[in-house]
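Shown below: coords.cif, with mmCIF, C-alpha atoms.
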data_entry
#
loop_
_atom_site.label_atom_id
_atom_site.label_comp_id
_atom_site.auth_asym_id
_atom_site.auth_seq_id
_atom_site.Cartn_x
_atom_site.Cartn_y
_atom_site.Cartn_z
CA GLU W 71 16.78 -55.65 -121.00
CA ILE W 72 19.70 -53.50 -122.12
CA GLU W 73 22.18 -56.00 -120.70
CA TYR W 74 20.66 -58.90 -122.63
CA PHE W 75 20.44 -56.94 -125.88
CA ALA W 76 23.98 -55.58 -125.44
CA TYR W 77 25.37 -59.11 -125.66
CA LEU W 78 23.62 -59.62 -128.99
CA ARG W 79 24.65 -56.35 -130.58
CA SER W 80 28.21 -56.52 -129.27
CA MET W 81 28.80 -60.07 -130.55
CA ALA W 82 27.20 -59.40 -133.94
CA PHE W 83 28.69 -56.00 -134.75
CA ASP W 84 31.71 -55.37 -132.53
CA ARG W 85 32.72 -59.01 -132.05
CA ASP W 86 33.72 -58.34 -128.48
CA LEU W 87 32.25 -58.33 -125.00
CA GLU W 88 32.78 -54.65 -124.26
CA PHE W 89 29.41 -52.97 -123.85
CA GLY W 90 30.23 -49.30 -123.33
CA ASN W 91 28.93 -48.15 -126.72
CA GLU W 92 25.72 -50.17 -126.35
CA TYR W 93 25.08 -48.74 -122.89
CA ARG W 94 25.76 -45.18 -124.06
CA HIS W 95 23.38 -45.58 -126.99
CA PHE W 96 20.42 -46.48 -124.78
CA HIS W 97 21.33 -44.02 -122.03
CA GLU W 98 21.45 -41.12 -124.50
CA ARG W 99 17.90 -41.91 -125.58
CA ASP W 100 16.59 -41.48 -122.02
CA PRO W 101 19.19 -39.91 -119.69
CA GLU W 102 16.71 -39.12 -116.94
CA GLY W 103 14.93 -42.47 -116.95
CA LEU W 104 18.22 -44.40 -117.10
CA ALA W 105 20.16 -42.37 -114.54
CA GLY W 106 20.34 -45.35 -112.19
CA PHE W 107 21.40 -47.60 -115.04
CA ALA W 108 24.23 -45.19 -115.92
CA ALA W 109 25.46 -45.13 -112.32
CA THR W 110 25.78 -48.92 -112.24
CA PHE W 111 26.74 -49.85 -115.78
CA LEU W 112 28.37 -46.82 -117.41
CA GLU W 113 30.26 -45.29 -114.53
CA ARG W 114 31.50 -48.51 -112.90
CA ARG W 115 33.77 -51.21 -114.31
CA GLU W 116 34.72 -54.74 -113.40
CA PRO W 117 37.66 -54.35 -110.98
CA ALA W 118 39.74 -57.18 -112.46
CA THR W 119 39.39 -56.34 -116.18
CA GLY W 120 38.24 -52.74 -116.43
CA ARG W 121 35.41 -53.80 -118.75
CA HIS W 122 31.90 -52.46 -118.48
CA ILE W 123 29.73 -54.56 -116.19
CA ASN W 124 27.13 -57.00 -117.50
CA PHE W 125 25.34 -59.17 -114.98
CA ALA W 126 23.16 -60.92 -117.57
CA PRO W 127 24.02 -64.31 -119.09
CA LEU W 128 24.31 -64.64 -122.85
CA GLY W 129 21.74 -67.38 -123.57
CA SER W 130 18.92 -65.10 -124.65
CA ALA W 131 21.24 -63.34 -127.10
CA LEU W 132 22.21 -66.70 -128.60
CA LEU W 133 18.57 -67.73 -129.00
CA TRP W 134 17.65 -64.35 -130.46
CA SER W 135 20.59 -64.30 -132.89
CA PRO W 136 18.92 -66.06 -135.89
CA PHE W 137 16.07 -63.54 -135.81
CA TYR W 138 18.52 -60.68 -135.36
CA LEU W 139 20.56 -61.78 -138.37
CA VAL W 140 17.40 -62.05 -140.49
CA ALA W 141 16.56 -58.50 -139.44
CA HIS W 142 20.04 -57.39 -140.49
CA VAL W 143 19.62 -58.96 -143.93
CA GLY W 144 16.26 -57.23 -144.22
CA VAL W 145 17.76 -53.89 -143.26
CA LEU W 146 20.54 -54.26 -145.83
CA ALA W 147 17.98 -55.12 -148.51
CA ALA W 148 15.85 -52.12 -147.51
CA ARG W 149 18.85 -49.80 -147.67
CA ALA W 150 19.73 -51.14 -151.12
CA ALA W 151 16.18 -50.21 -152.14
CA GLY W 152 16.62 -46.67 -150.85
CA SER W 153 15.51 -46.86 -147.22
CA ALA W 154 17.30 -44.72 -144.64
CA VAL W 155 16.95 -47.25 -141.80
CA ALA W 156 20.26 -47.59 -139.98
CA ALA W 157 22.17 -50.87 -140.32
CA ASP W 158 23.81 -50.35 -136.94
CA GLY W 159 22.28 -53.13 -134.88
CA PHE W 160 20.30 -50.62 -132.81
CA SER W 161 17.50 -49.45 -135.10
CA ALA W 162 13.90 -50.58 -134.77
CA PRO W 163 14.10 -53.77 -136.89
CA TYR W 164 16.89 -55.16 -134.70
CA VAL W 165 15.11 -54.46 -131.44
CA ALA W 166 11.86 -55.81 -132.87
CA ALA W 167 13.63 -59.00 -133.94
CA ALA W 168 14.76 -59.72 -130.38
CA CYS W 169 11.32 -58.93 -128.96
CA TYR W 170 9.42 -61.06 -131.47
CA ALA W 171 11.94 -63.85 -130.94
CA SER W 172 11.12 -63.86 -127.22
CA TRP W 173 7.41 -63.94 -128.01
CA ILE W 174 7.92 -66.89 -130.36
CA TYR W 175 10.07 -68.79 -127.87
CA GLY W 176 7.52 -68.17 -125.14
CA GLY W 177 4.77 -69.50 -127.41
CA LEU W 178 6.82 -72.56 -128.28
CA GLY W 179 7.41 -73.14 -124.58
CA LEU W 180 3.66 -73.08 -123.94
CA LEU W 181 3.08 -75.56 -126.78
CA LEU W 182 5.68 -77.89 -125.27
CA ILE W 183 4.00 -77.57 -121.88
CA HIS W 184 0.59 -78.36 -123.36
CA ASP W 185 1.99 -81.41 -125.16
CA ALA W 186 3.78 -82.62 -122.01
CA LEU W 187 0.55 -82.42 -120.03
CA ARG W 188 -1.30 -84.47 -122.64
CA ARG W 189 1.40 -87.06 -123.26
CA PHE W 190 3.07 -87.53 -119.91
CA ALA W 191 0.58 -86.32 -117.26
CA GLY W 192 -2.39 -88.11 -118.79
CA VAL W 193 -4.46 -84.92 -118.78
CA ARG W 194 -7.35 -84.46 -121.21
CA ASP W 195 -6.55 -82.14 -124.10
CA GLY W 196 -9.13 -79.59 -122.99
CA ASP W 197 -7.88 -79.50 -119.40
CA ALA W 198 -4.29 -79.17 -120.60
CA ALA W 199 -5.30 -76.29 -122.86
CA TRP W 200 -7.21 -74.50 -120.09
CA ALA W 201 -4.29 -74.85 -117.69
CA THR W 202 -1.76 -73.60 -120.24
CA ILE W 203 -3.86 -70.63 -121.33
CA ALA W 204 -4.63 -69.73 -117.72
CA LEU W 205 -0.93 -69.61 -116.87
CA LEU W 206 -0.34 -67.24 -119.77
CA TYR W 207 -3.06 -64.79 -118.75
CA ALA W 208 -3.08 -65.24 -114.97
CA SER W 209 0.67 -65.07 -114.26
CA PRO W 210 3.47 -62.55 -114.94
CA LEU W 211 4.36 -64.50 -118.10
CA LEU W 212 1.91 -62.37 -120.11
CA TYR W 213 3.79 -59.20 -119.13
CA TYR W 214 7.18 -60.63 -120.06
CA MET W 215 5.99 -62.02 -123.38
CA THR W 216 4.27 -58.86 -124.56
CA ILE W 217 5.34 -55.70 -122.72
CA ALA W 218 8.87 -56.59 -121.62
CA PRO W 219 9.99 -59.35 -124.02
CA ALA W 220 13.61 -58.24 -124.06
CA PHE W 221 14.05 -59.73 -120.60
CA SER W 222 15.09 -63.38 -120.50
CA HIS W 223 11.87 -64.76 -119.02
CA ALA W 224 10.02 -65.78 -122.18
CA THR W 225 13.09 -67.58 -123.52
CA SER W 226 13.49 -69.15 -120.07
CA VAL W 227 10.00 -70.65 -120.34
CA PHE W 228 11.01 -72.25 -123.64
CA ALA W 229 14.36 -73.58 -122.43
CA VAL W 230 13.00 -75.09 -119.22
CA ALA W 231 9.95 -76.54 -120.98
CA ALA W 232 12.22 -78.13 -123.59
CA LEU W 233 14.38 -79.61 -120.82
CA VAL W 234 11.37 -81.08 -119.00
CA TRP W 235 9.64 -82.33 -122.18
CA THR W 236 12.81 -84.07 -123.37
CA THR W 237 13.38 -85.60 -119.94
CA LEU W 238 9.86 -87.01 -119.80
CA ASP W 239 10.14 -88.28 -123.36
CA ALA W 240 13.45 -90.03 -122.60
CA ARG W 241 11.94 -91.58 -119.49
CA ALA W 242 8.79 -92.75 -121.30
CA ARG W 243 10.84 -94.36 -124.04
CA ALA W 244 13.40 -95.85 -121.69
CA ALA W 245 15.82 -94.10 -124.04
CA GLY W 246 19.55 -94.59 -124.21
CA LEU W 247 22.36 -92.25 -123.27
CA GLY W 248 21.93 -90.04 -126.35
CA ARG W 249 18.50 -88.86 -125.31
CA TRP W 250 19.65 -88.11 -121.80
CA ALA W 251 22.61 -86.19 -123.23
CA LEU W 252 20.10 -84.08 -125.16
CA ALA W 253 18.18 -83.42 -121.96
CA GLY W 254 21.42 -82.35 -120.30
CA ALA W 255 22.31 -80.10 -123.26
CA LEU W 256 18.93 -78.39 -122.93
CA GLY W 257 19.67 -77.95 -119.24
CA GLY W 258 22.85 -76.19 -120.30
CA VAL W 259 20.83 -73.96 -122.63
CA ALA W 260 18.46 -73.15 -119.75
CA ALA W 261 21.45 -72.19 -117.60
CA LEU W 262 22.79 -69.99 -120.41
CA VAL W 263 19.46 -68.15 -120.48
CA ARG W 264 19.27 -67.72 -116.70
CA GLU W 265 21.91 -69.22 -114.44
CA GLN W 266 19.33 -70.15 -111.82
CA ASP W 267 17.57 -72.34 -114.40
CA ALA W 268 20.43 -74.82 -114.08
CA LEU W 269 18.57 -75.94 -110.96
CA PHE W 270 15.86 -77.42 -113.20
CA LEU W 271 18.32 -80.22 -113.88
CA ALA W 272 16.83 -81.50 -110.64
CA VAL W 273 13.99 -82.84 -112.79
CA PRO W 274 15.98 -85.34 -114.89
CA LEU W 275 18.38 -86.15 -112.06
CA GLY W 276 15.58 -86.53 -109.54
CA LEU W 277 13.60 -88.82 -111.84
CA LEU W 278 16.65 -90.94 -112.55
CA LEU W 279 17.22 -91.37 -108.82
CA LEU W 280 13.58 -92.16 -108.02
CA ASP W 281 13.34 -94.64 -110.87
CA ALA W 282 16.60 -96.27 -109.81
CA VAL W 283 15.23 -96.79 -106.30
CA ARG W 284 12.09 -98.35 -107.76
CA THR W 285 13.79 -100.58 -110.34
CA ARG W 286 17.07 -101.16 -108.50
CA GLU W 287 18.99 -100.28 -111.69
CA LEU W 288 21.40 -97.91 -110.02
CA ALA W 289 24.30 -98.35 -112.46
CA ALA W 290 22.19 -97.37 -115.48
CA ALA W 291 20.84 -94.33 -113.62
CA VAL W 292 24.35 -93.22 -112.69
CA ARG W 293 25.48 -93.47 -116.32
CA ARG W 294 22.50 -91.49 -117.55
CA GLY W 295 22.90 -88.90 -114.82
CA ALA W 296 26.60 -88.47 -115.56
CA VAL W 297 25.91 -88.00 -119.26
CA THR W 298 23.16 -85.48 -118.46
CA VAL W 299 25.42 -83.39 -116.23
CA LEU W 300 28.40 -83.59 -118.59
CA ALA W 301 26.30 -82.41 -121.57
CA ALA W 302 24.97 -79.51 -119.51
CA ILE W 303 28.48 -78.45 -118.54
CA VAL W 304 29.74 -78.61 -122.14
CA VAL W 305 26.88 -76.43 -123.39
CA PHE W 306 27.49 -73.94 -120.56
CA VAL W 307 31.17 -73.44 -121.51
CA PRO W 308 30.50 -70.28 -123.60
CA GLN W 309 29.17 -68.59 -120.49
CA LEU W 310 32.24 -69.60 -118.52
CA LEU W 311 34.40 -68.01 -121.22
CA ALA W 312 32.24 -64.89 -121.13
CA TYR W 313 32.68 -64.68 -117.35
CA ARG W 314 36.44 -64.93 -117.85
CA ALA W 315 36.49 -62.17 -120.46
CA LEU W 316 34.28 -59.84 -118.42
CA ASN W 317 35.50 -60.22 -114.86
CA GLY W 318 38.65 -62.31 -115.04
CA ALA W 319 37.24 -65.48 -113.43
CA TYR W 320 35.29 -68.51 -114.61
CA GLY W 321 32.24 -67.52 -112.61
CA PRO W 322 29.76 -64.69 -112.06
CA SER W 323 31.02 -61.27 -111.13
CA ARG W 324 31.97 -60.68 -107.53
CA LEU W 325 29.58 -57.72 -107.72
CA VAL W 326 26.80 -60.32 -108.07
CA THR W 327 27.96 -63.10 -105.77
CA ARG W 328 28.50 -60.75 -102.84
CA LYS W 329 24.73 -60.16 -102.83
CA MET W 330 23.99 -63.84 -102.22
CA SER W 331 23.24 -65.43 -98.85
CA TYR W 332 22.89 -69.14 -99.58
CA SER W 333 21.05 -69.84 -96.33
CA SER W 334 18.08 -68.28 -98.22
CA PRO W 335 16.90 -65.93 -95.46
CA HIS W 336 13.99 -64.76 -97.63
CA PHE W 337 12.72 -68.20 -98.71
CA LEU W 338 9.21 -67.71 -97.32
CA GLU W 339 9.02 -64.03 -98.19
CA VAL W 340 9.53 -64.57 -101.94
CA LEU W 341 6.45 -66.79 -101.80
CA PHE W 342 4.13 -65.12 -99.28
CA ASP W 343 5.25 -61.55 -98.56
CA PRO W 344 2.16 -59.27 -98.94
CA GLY W 345 4.01 -56.73 -101.05
CA HIS W 346 6.27 -58.94 -103.15
CA GLY W 347 5.27 -62.58 -102.76
CA LEU W 348 4.78 -64.89 -105.72
CA PHE W 349 1.40 -66.18 -104.56
CA VAL W 350 0.09 -62.70 -103.77
CA TRP W 351 0.88 -61.34 -107.23
CA ALA W 352 -0.49 -64.46 -108.95
CA PRO W 353 -2.90 -66.42 -106.69
CA VAL W 354 -3.50 -69.02 -109.40
CA LEU W 355 0.02 -70.29 -108.73
CA LEU W 356 -0.87 -71.14 -105.12
CA LEU W 357 -3.68 -73.35 -106.43
CA ALA W 358 -1.22 -74.92 -108.88
CA VAL W 359 1.37 -75.68 -106.21
CA ALA W 360 -1.22 -77.05 -103.79
CA ALA W 361 -2.52 -79.41 -106.49
CA LEU W 362 1.02 -80.43 -107.41
CA LEU W 363 1.71 -81.29 -103.77
CA VAL W 364 -1.44 -83.43 -103.65
CA VAL W 365 -0.40 -85.27 -106.81
CA ALA W 366 3.10 -85.87 -105.48
CA VAL W 367 1.98 -87.12 -102.06
CA ARG W 368 -1.31 -88.91 -102.63
CA ARG W 369 -0.56 -90.40 -106.02
CA ARG W 370 3.14 -90.82 -105.28
CA ASP W 371 3.85 -89.39 -108.71
CA PRO W 372 7.64 -89.20 -109.20
CA VAL W 373 7.30 -86.51 -111.89
CA ALA W 374 5.32 -84.27 -109.56
CA GLY W 375 7.91 -84.92 -106.85
CA ALA W 376 10.80 -83.97 -109.13
CA LEU W 377 8.99 -80.83 -110.26
CA LEU W 378 8.31 -79.85 -106.65
CA LEU W 379 12.00 -80.29 -105.87
CA ALA W 380 12.89 -77.99 -108.77
CA LEU W 381 10.41 -75.38 -107.53
CA LEU W 382 11.79 -75.55 -103.99
CA LEU W 383 15.27 -74.95 -105.41
CA GLN W 384 13.97 -71.92 -107.30
CA ALA W 385 12.44 -70.54 -104.11
CA TRP W 386 15.71 -71.20 -102.30
CA ILE W 387 17.87 -69.36 -104.84
CA ASN W 388 15.41 -66.48 -105.17
CA GLY W 389 15.30 -66.17 -101.39
CA SER W 390 19.09 -66.04 -101.32
CA VAL W 391 19.36 -62.82 -103.34
CA GLU W 392 19.75 -59.53 -101.54
CA SER W 393 17.30 -57.96 -104.01
CA TRP W 394 14.69 -60.66 -103.29
CA THR W 395 11.82 -58.16 -103.48
CA GLN W 396 12.33 -57.64 -107.24
CA ALA W 397 11.00 -54.13 -106.56
CA GLY W 398 10.17 -52.21 -109.70
CA ALA W 399 9.39 -55.40 -111.64
CA PHE W 400 5.95 -56.66 -112.52
CA GLY W 401 5.29 -59.67 -110.34
CA SER W 402 7.72 -62.35 -109.20
CA ARG W 403 9.49 -62.47 -112.54
CA ARG W 404 12.25 -64.80 -111.32
CA PHE W 405 9.71 -67.63 -111.09
CA VAL W 406 8.46 -67.29 -114.68
CA GLY W 407 10.85 -70.01 -115.84
CA ALA W 408 8.96 -72.44 -113.59
CA THR W 409 5.81 -72.17 -115.73
CA VAL W 410 6.02 -75.85 -116.68
CA VAL W 411 6.06 -76.78 -112.98
CA PHE W 412 2.96 -74.71 -112.27
CA ALA W 413 1.25 -76.16 -115.32
CA TRP W 414 1.61 -79.73 -114.00
CA GLY W 415 -0.23 -78.79 -110.82
CA LEU W 416 -2.79 -76.48 -112.42
CA ALA W 417 -3.77 -79.11 -114.99
CA ALA W 418 -4.43 -81.55 -112.14
CA ALA W 419 -6.49 -78.90 -110.35
CA VAL W 420 -8.50 -78.12 -113.48
CA SER W 421 -9.23 -81.81 -114.04
CA ALA W 422 -10.38 -82.29 -110.45
CA LEU W 423 -12.49 -79.12 -110.33
CA ARG W 424 -14.14 -79.81 -113.67
CA ALA W 425 -15.11 -83.29 -112.48
CA ARG W 426 -16.51 -82.02 -109.16
CA VAL W 427 -18.19 -78.69 -109.98
CA GLY W 428 -18.44 -78.71 -113.77
CA ALA W 429 -16.68 -76.99 -116.62
CA VAL W 430 -18.41 -73.60 -116.34
CA PRO W 431 -17.53 -72.84 -112.68
CA CYS W 432 -13.99 -74.09 -113.31
CA ALA W 433 -13.59 -71.81 -116.34
CA ALA W 434 -15.08 -68.90 -114.38
CA ALA W 435 -12.47 -69.36 -111.64
CA LEU W 436 -9.64 -69.30 -114.17
CA VAL W 437 -11.09 -66.19 -115.80
CA LEU W 438 -11.19 -64.55 -112.36
CA PHE W 439 -7.50 -65.32 -111.84
CA ALA W 440 -6.75 -63.89 -115.29
CA TRP W 441 -8.75 -60.76 -114.50
CA TRP W 442 -6.67 -60.22 -111.36
CA ASN W 443 -3.40 -60.46 -113.29
CA VAL W 444 -4.46 -58.35 -116.29
CA SER W 445 -5.93 -55.70 -113.99
CA LEU W 446 -2.64 -55.57 -112.09
CA MET W 447 -0.87 -55.08 -115.42
CA ILE W 448 -3.16 -52.11 -116.11
CA GLN W 449 -2.48 -50.63 -112.69
CA PHE W 450 1.24 -51.16 -113.17
CA GLY W 451 1.28 -49.65 -116.66
CA LEU W 452 -0.91 -46.64 -115.87
CA ARG W 453 0.90 -46.04 -112.56
CA LEU W 454 -2.22 -46.53 -110.50
CA MET W 455 -0.11 -48.49 -108.02
CA ASP W 456 3.28 -48.28 -106.38
CA ARG W 457 5.55 -50.14 -108.79
CA GLN W 458 7.82 -51.10 -105.93
CA ARG W 459 5.25 -53.29 -104.13
CA LEU W 460 1.62 -54.25 -103.70
CA GLU W 461 -0.12 -51.94 -101.21
CA TRP W 462 -3.12 -53.29 -99.34
CA PRO W 463 -6.01 -52.56 -99.42
CA ARG W 464 -5.30 -49.89 -102.03
CA VAL W 465 -4.35 -52.29 -104.80
CA ALA W 466 -7.44 -54.46 -104.25
CA VAL W 467 -9.78 -51.47 -104.19
CA SER W 468 -8.22 -50.07 -107.36
CA GLN W 469 -8.85 -53.36 -109.15
CA VAL W 470 -12.59 -52.60 -109.07
CA THR W 471 -12.68 -48.78 -108.86
CA GLU W 472 -9.76 -47.47 -110.92
CA VAL W 473 -9.08 -50.17 -113.50
CA PRO W 474 -12.47 -50.59 -115.24
CA PRO W 475 -12.79 -46.93 -116.37
CA ARG W 476 -9.25 -47.06 -117.79
CA ALA W 477 -9.30 -50.53 -119.29
CA ALA W 478 -10.11 -49.30 -122.80
CA ARG W 479 -7.23 -46.81 -122.82
CA ALA W 480 -4.84 -49.42 -121.45
CA ALA W 481 -5.94 -51.87 -124.13
CA TRP W 482 -5.42 -49.22 -126.83
CA LEU W 483 -1.92 -48.40 -125.60
CA PHE W 484 -1.14 -52.11 -125.28
CA LEU W 485 -2.01 -52.63 -128.94
CA THR W 486 -0.50 -49.42 -130.33
CA ASP W 487 2.23 -48.02 -128.05
CA ARG W 488 3.40 -50.31 -125.27
CA GLU W 489 6.45 -48.19 -124.50
CA ARG W 490 4.17 -45.25 -123.76
CA LEU W 491 1.98 -47.50 -121.63
CA VAL W 492 4.96 -48.37 -119.44
CA ARG W 493 6.89 -45.09 -119.50
CA GLU W 494 4.21 -42.41 -119.37
CA GLY W 495 1.43 -44.12 -117.50
CA ARG W 496 -1.67 -41.97 -117.51
#
Target format structure tokens, applied to this file:
Amino acid sequence: EIEYFAYLRSMAFDRDLEFGNEYRHFHERDPEGLAGFAATFLERREPATGRHINFAPLGSALLWSPFYLVAHVGVLAARAAGSAVAADGFSAPYVAAACYASWIYGGLGLLLIHDALRRFAGVRDGDAAWATIALLYASPLLYYMTIAPAFSHATSVFAVAALVWTTLDARARAAGLGRWALAGALGGVAALVREQDALFLAVPLGLLLLDAVRTRELAAAVRRGAVTVLAAIVVFVPQLLAYRALNGAYGPSRLVTRKMSYSSPHFLEVLFDPGHGLFVWAPVLLLAVAALLVVAVRRRDPVAGALLLALLLQAWINGSVESWTQAGAFGSRRFVGATVVFAWGLAAAVSALRARVGAVPCAAALVLFAWWNVSLMIQFGLRLMDRQRLEWPRVAVSQVTEVPPRAARAAWLFLTDRERLVREGR
């Protein structure tokens, strides 16, 4: 979170990409809690440039910047009226602006997902709404929209959803090159937010290829694909320049790339590992992926196929990282950007279950999935569990023995003091 915010404050106030003062500011507020952060980001420098390290991309800072500038104007107005709030880019209004911006972008992403399900998947409005709401409450997205919004995950949901929505709209309209260029530009924005989100360009490119095979209009598909990729590259240029300024090369830091094994040795573990797997933390996502696979295979739905390809690429890149466990994080946070993919499958599952067993049992199942996720959030916040992994059967037993008596306190802290909920636990 500090890395993402440091980009914003450094660009707005210092007009540079040197983050030492931003890092020191946050470290001085919590030296003990940020001892590991100091060892990596304050005491080490990029070998080629001598600058302080920042592994985060700058997309979230760019998306937060309008809110941040509004906060700055508000702070200046308050100071003119006699307030003592600091106009330094660090005080509470500035941090709040970035956090609320993430919450707003996450909400906009969910609205785009809901609209895409209605317009392009042919899902009933009610089923689309149930699927979208369930993904908010039954997946790690809720944590990263409300408790840890200064990560990039909520903005990632928006950027990827905008890319997919625009792609499907261009396809439905048989739009010209301009619309596909917009889809590519949004792919560039997604890559600026999280580099791995560039892989979601598999959706427009995959659909162009599948449609070209069906219609035999290969030349038109090639033109549209080239425009899509070119627009994405152009939008991503600011990050290339940031890489150059920070580490002396037009690519991620060597300190990051050396941790990658592109054979993806942990591909299956990021999905199924009992302590860290995506589907273990959020079982509703297994239902979503299973339904998406059924739609892709049985209905031969090209959209479902392209979305599955994008998800496989996400699993591949997440399984390639040395720190694949994401230990210390709530859930498999690196998959949060794929919310629109899960929504496509979950909406299909909701529609099928509602038709077969009725609306009430279907809703009850989704509520059960949401209970699992929210209860895990309570365990995580109140330190009733090992934050490094899920322990079995301890975590399952605690869901029914430890969480209910503490639910009211967790809810109170969630509404009044989320930092205390995360930092102090009980």
>> The residues within 12 Å of (-9.8, -66.6, -113.2), using all atoms listed in the file and the coordinates of the file, should be reported as an NGL selection string; which are they?
In response: :W and (200-201 or 203-209 or 352-355 or 357 or 420 or 430-445)
Using all atoms listed in the file, which protein or nucleic acid residues come within 9 Å of Ala82 of chain W? Drop anything in the same chain fewer than 6 positions from it, and give the result as a PDB file with C-alpha atoms, in the frame of the given file.
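To be explicit, this is the file written out as result-v7.pdb:
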ATOM      1  CA  SER W 135      20.590 -64.300-132.890  1.00  0.00           C
ATOM      2  CA  TYR W 138      18.520 -60.680-135.360  1.00  0.00           C
ATOM      3  CA  LEU W 139      20.560 -61.780-138.370  1.00  0.00           C
ATOM      4  CA  GLY W 159      22.280 -53.130-134.880  1.00  0.00           C
TER       5      GLY W 159
END
> Counting all atoms listed in the file, which of W:Leu483, W:Leu379, W:Ala477, W:Ala291 gets nearest to Leu271 of chain W?
Replying inline: W:Leu379
> How far is it from atom CA of Val193 of chain W to atom CA of Ala229 of chain W, in Å with one decimal?
Replying inline: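 Atom CA of Ala229 of chain W lies at a distance of 22.3 Å from atom CA of Val193 of chain W.
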>> Which residues would end up in the selection if the PyMOL selection byres ((chain W and resi 365-369) around 12) were applied here, given that I need the answer as a ChimeraX atom specification?
In response: /W:191,358-364,370-379,414-419,421-422
Restricting the output to C-alpha atoms, write the selected residues as a PDB file, in the frame of the given file.
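In the end it all went to result17.pdb:
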ATOM      1  CA  ALA W 191       0.580 -86.320-117.260  1.00  0.00           C
ATOM      2  CA  ALA W 358      -1.220 -74.920-108.880  1.00  0.00           C
ATOM      3  CA  VAL W 359       1.370 -75.680-106.210  1.00  0.00           C
ATOM      4  CA  ALA W 360      -1.220 -77.050-103.790  1.00  0.00           C
ATOM      5  CA  ALA W 361      -2.520 -79.410-106.490  1.00  0.00           C
ATOM      6  CA  LEU W 362       1.020 -80.430-107.410  1.00  0.00           C
ATOM      7  CA  LEU W 363       1.710 -81.290-103.770  1.00  0.00           C
ATOM      8  CA  VAL W 364      -1.440 -83.430-103.650  1.00  0.00           C
ATOM      9  CA  ARG W 370       3.140 -90.820-105.280  1.00  0.00           C
ATOM     10  CA  ASP W 371       3.850 -89.390-108.710  1.00  0.00           C
ATOM     11  CA  PRO W 372       7.640 -89.200-109.200  1.00  0.00           C
ATOM     12  CA  VAL W 373       7.300 -86.510-111.890  1.00  0.00           C
ATOM     13  CA  ALA W 374       5.320 -84.270-109.560  1.00  0.00           C
ATOM     14  CA  GLY W 375       7.910 -84.920-106.850  1.00  0.00           C
ATOM     15  CA  ALA W 376      10.800 -83.970-109.130  1.00  0.00           C
ATOM     16  CA  LEU W 377       8.990 -80.830-110.260  1.00  0.00           C
ATOM     17  CA  LEU W 378       8.310 -79.850-106.650  1.00  0.00           C
ATOM     18  CA  LEU W 379      12.000 -80.290-105.870  1.00  0.00           C
ATOM     19  CA  TRP W 414       1.610 -79.730-114.000  1.00  0.00           C
ATOM     20  CA  GLY W 415      -0.230 -78.790-110.820  1.00  0.00           C
ATOM     21  CA  LEU W 416      -2.790 -76.480-112.420  1.00  0.00           C
ATOM     22  CA  ALA W 417      -3.770 -79.110-114.990  1.00  0.00           C
ATOM     23  CA  ALA W 418      -4.430 -81.550-112.140  1.00  0.00           C
ATOM     24  CA  ALA W 419      -6.490 -78.900-110.350  1.00  0.00           C
ATOM     25  CA  SER W 421      -9.230 -81.810-114.040  1.00  0.00           C
ATOM     26  CA  ALA W 422     -10.380 -82.290-110.450  1.00  0.00           C
TER      27      ALA W 422
END
> Do you have the atom CA of Tyr175 of chain W-atom CA of Leu212 of chain W distance handy?
Replying inline: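 Answer for the atom CA of Tyr175 of chain W to atom CA of Leu212 of chain W separation: 13.0 Å.
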> Between W:Ala171, W:Met447, W:Leu338, W:Ile217, which is the closest to Arg490 of chain W once you count all atoms listed in the file?
Replying inline: W:Ile217
> Applied to the shown file, which residues does the PyMOL selection byres ((chain W and resi 396-403) around 6) return, written as a ChimeraX atom specification?
Replying inline: /W:210,348,351,393-395,404-406,457-458
>> Suppose a student applies the PyMOL selection byres ((chain W and resi 259) around 8) to this structure; what residues should they get, written as number ranges by chain?
In response: W: 129, 229, 255-258, 260-263, 302, 305-306
Distance table requested - segment 82-191 of chain W against segment 230-247 of chain W, cut-off 9 Å, all atoms listed in the file: one row per qualifying residue with the closest atom pair and its distance in Å to one decimal, ordered by chain and rising residue number, as CSV.
residue,atom,partner,partner_atom,distance
W:Leu178,CA,W:Ala231,CA,8.9
W:Gly179,CA,W:Ala231,CA,5.6
W:Leu180,CA,W:Ala231,CA,7.8
W:Leu182,CA,W:Ala231,CA,6.2
W:Ile183,CA,W:Ala231,CA,6.1
W:Asp185,CA,W:Trp235,CA,8.3
W:Ala186,CA,W:Trp235,CA,5.9
W:Arg189,CA,W:Asp239,CA,8.8
W:Phe190,CA,W:Leu238,CA,6.8
>> If I take atom CA of Ser334 of chain W and atom CA of Phe270 of chain W, how far is one from the other in Å, to one decimal?
In response: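 That distance, rounded to one decimal, is 17.7 Å.
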> Can you list, as a list of chain:residue names, every protein, DNA or RNA residue that comes within 7 Å of segment 219-224 of chain W when you count all atoms listed in the file, leaving out same-chain residues fewer than 2 positions away?
Replying inline: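 What passes the distance filter is W:Glu71, W:Tyr74, W:Ser130, W:Ala168, W:Cys169, W:Ser172, W:Trp173, W:Tyr175, W:Gly176, W:Tyr214, W:Met215, W:Thr216, W:Ile217, W:Ser226, W:Val227, W:Phe228, W:Val263, W:Val406, W:Gly407.
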>> List the spatial neighbours of segment 461-472 of chain W as a list in words - criterion: any atom at most 9 Å away, all atoms listed in the file, same-chain residues fewer than 5 positions off excluded.
In response: Pro344, Gly345, Trp442, Ser445, Leu446, Gln449, Leu454, Met455, Asp456 and Ala477 of chain W
>> Could you check the closest approach to Glu489 of chain W for each of W:Thr119, W:Leu78, W:Glu287, W:Gly451 and tell me which residue wins, using only C-alpha atoms?
In response: W:Gly451
